[in-house]
Amino acid sequence: MKKLINKIDECKNRDELEVLRIAVLGKKGELAKAFAEMKNLSGDEKRERAKELNDFKEIFSAKFEKKEVEISEAELDEKMFREKIDISLISPKNELGGYHPVVETMNRIIEYFQKLNFAIEEGNMIEDDWHNFEALNLPKSHPARDMQDTFYFNDGKLLRTHTSPVQIRTMTREKPPIRMIAPGTVFRRDFDLTHTPMFHQVEGLVVENGDIVSFAHLKYILEDFLKYMFGDIKVRFRPSFFPFTEPSAEADISCLFCGGDGCRVCSHTGWLEVLGCGMVDQNVFKAVGYENVSGYAFGLGVERFAMLIHRVPDLRSMFEGDLRLLEQFKN
Ligand code: PHE
């Protein structure tokens with residue numbers, strides 16, 4: 001029987017070990033046989049032999065288990081070695097990804113304002129009526145609410161229709177001076193060639209104590225910003241209306257496609273509308289409890305900027321994830 005114990009060391013793998021286990025501990029194995037032969041022995045001899053066999057079983061099993069662990073560790077080492085991946089190998093497929101044009105454009109916008117020390121605010125995508133409308137001088141019955149078709153939740157909350165509520169959140173939290181932009185996702189119930197239910201805006205807000213912020217500041221910074229984004233273009237400001245700014249304006253750039261001569265893209269006007277802006281309405285300041293302050297605000301659609309910069313004709317292609325389009329933006 002002792003010899004059987006030494007056989008454990010001779011096993012080189014799991015299979016050999018299993019064969020040995022069956023030969024020794026199996027139903028018809030050596031141990032079972034030895035126990036069966038005991039029936040011919042007398043009482044004392046029987047007890048002695050039984051103890052001997054039980055001791056053997058214990059020693060054999062202990063050694064067997066140790067060997068089993070050894071073998072599995074060796075097998076694992078061997079498997080790891082075999083499956084080792086050489087990460088320094090050069091792959092023939094060596095393609096880099098790239099930013100989505102919307103992200104790239106967003107980053108470029110943020111970069112401009114960050115250099116001018118604007119803080120970046122985020123706000124919430126789920127807003128309440130007060131932040132999204134009321135505090136922005138859009139009372140419940142105001143017809144201008146029609147400009148923004150809204151997704152409502154059952155509890156009266158809504159998906160923000162613009163980034164302007166971030167103005168309110170920032171002003172109720174902080175005291176002037178404020179200089180911030182709010183890049184973010186916004187939602188409207190709108191879907192056609194030039195509208196998607198989800199898109200991105202960047203809001204801007206500057207507020208100072210006293211009467212020092214003027215429309216000239218707004219014009220200067222937006223003109224500089226639009227030249228940074230679009231290159232050598234002309235900028236004009238056109239009177240417009242937003243409930244939260246007074247006076248309000250829309251900024252146009254000279255058409256990137258025809259240089260201002262007039263074409264289909266600019267509806268033969270020579271100009272492309274790119275953002276809304278104005279001096280913050282005093283009613284907005286009142287809503288957030290500000291007195292004797294002045295400021296300007298602006299808001300723009302990032303997809304529109306991306307489309308104009310990259311001359312993409314259909315807004316929906318910004319959201320389709322078509323690699324034939326996206327691959328053109330790698331680098
Ligand atoms: N919130 C306006 C919109 O979504 C844009 C805007 C922002 C206009 C700030 C003026 C000032 O259309």
# chains A, B, ... in the order shown; residues from 1 in each chain; ligands from 1
$ residues_around --residues "A:Ala62" --least-positions-apart "6" --cutoff "12 Å" --atoms "only C-alpha atoms" --output "ChimeraX atom specification"
/A:5,8,55-56,68-69
$ residues_near_ligand --ligand "ligand 1" --cutoff "9 Å" --atoms "only C-alpha atoms and all ligand atoms" --output "ChimeraX atom specification"
/A:147-148,161-165,167,186,201-205,241-245,248-250,275-280,296-301
$ select_by_dssp --residues "stretch 105-206 of chain A" --states "strand (DSSP E or B)" --output "PyMOL selection string"
chain A and resi 119-120+126-127+152+158-159+178-187+192+195+198-206
$ residues_around --residues "stretch 84-95 of chain A" --least-positions-apart "5" --cutoff "10 Å" --atoms "only C-alpha atoms" --output "count of residues only"
3
$ closest_atom_pairs --of "stretch 30-130 of chain A" --to "stretch 135-139 of chain A" --cutoff "12 Å" --atoms "only C-alpha atoms" --output "tab-separated table"
residue	atom	partner	partner_atom	distance
A:Asp128	CA	A:Ala135	CA	10.4
A:Asp129	CA	A:Ala135	CA	8.6
A:Trp130	CA	A:Ala135	CA	5.5
$ write_last_selection --atoms "all heavy atoms" --output "CSV table (one decimal), in the first residue's frame"
chain,number,residue,atom,x,y,z
A,128,ASP,N,-38.2,72.5,-13.5
A,128,ASP,CA,-39.6,72.8,-13.2
A,128,ASP,C,-40.0,74.0,-14.0
A,128,ASP,O,-39.2,74.7,-14.6
A,128,ASP,CB,-39.7,73.0,-11.7
A,128,ASP,CG,-38.7,74.0,-11.2
A,128,ASP,OD1,-38.6,75.1,-11.7
A,128,ASP,OD2,-38.0,73.6,-10.2
A,129,ASP,N,-41.3,74.2,-14.0
A,129,ASP,CA,-41.9,75.3,-14.8
A,129,ASP,C,-41.3,76.7,-14.4
A,129,ASP,O,-41.0,77.5,-15.3
A,129,ASP,CB,-43.4,75.3,-14.5
A,129,ASP,CG,-44.1,76.2,-15.5
A,129,ASP,OD1,-44.5,75.6,-16.5
A,129,ASP,OD2,-44.3,77.4,-15.3
A,130,TRP,N,-41.0,76.9,-13.1
A,130,TRP,CA,-40.5,78.2,-12.7
A,130,TRP,C,-39.1,78.5,-13.3
A,130,TRP,O,-38.9,79.5,-13.8
A,130,TRP,CB,-40.4,78.2,-11.1
A,130,TRP,CG,-40.1,79.6,-10.6
A,130,TRP,CD1,-41.0,80.6,-10.5
A,130,TRP,CD2,-38.8,80.1,-10.2
A,130,TRP,NE1,-40.4,81.7,-10.0
A,130,TRP,CE2,-39.1,81.5,-9.8
A,130,TRP,CE3,-37.6,79.6,-10.1
A,130,TRP,CZ2,-38.0,82.3,-9.4
A,130,TRP,CZ3,-36.5,80.4,-9.6
A,130,TRP,CH2,-36.8,81.7,-9.3
$ residues_around --residues "A:Asn117" --least-positions-apart "3" --cutoff "9 Å" --atoms "only C-alpha atoms" --output "ChimeraX atom specification"
/A:113-114,179-180
$ atom_distance --atom1 "atom CA of A:Thr185" --atom2 "atom CA of A:Met198"
6.8 Å
$ closest_residue --among "A:Met229, A:Leu315, A:Arg236, A:Gln282" --to "A:Thr105" --atoms "only C-alpha atoms"
A:Met229
$ closest_residue --among "A:Lys46, A:Lys39, A:Lys67, A:Arg311" --to "A:Arg21" --atoms "only C-alpha atoms"
A:Lys67
$ closest_residue --among "A:Phe285, A:Phe60, A:Tyr99, A:Phe319" --to "A:Val207" --atoms "only C-alpha atoms"
A:Phe285
$ atom_distance --atom1 "atom CA of A:Tyr152" --atom2 "atom CA of A:Phe191"
16.6 Å
$ select_by_dssp --residues "stretch 55-182 of chain A" --states "alpha helix (DSSP H)" --output "PyMOL selection string"
chain A and resi 55-82+101-115+129-132+165-173
$ residues_around --residues "A:His310" --least-positions-apart "5" --cutoff "12 Å" --atoms "only C-alpha atoms" --output "list in words"
His100, Pro101, Val102, Glu104, Thr105, Met229, Phe230, Leu256, Phe257, Glu303, Arg304, Phe305, Leu315, Met318, Leu325, Leu326, Gln328 and Phe329 of chain A
$ atom_distance --atom1 "atom CA of A:Gly262" --atom2 "atom CA of A:His200"
28.1 Å
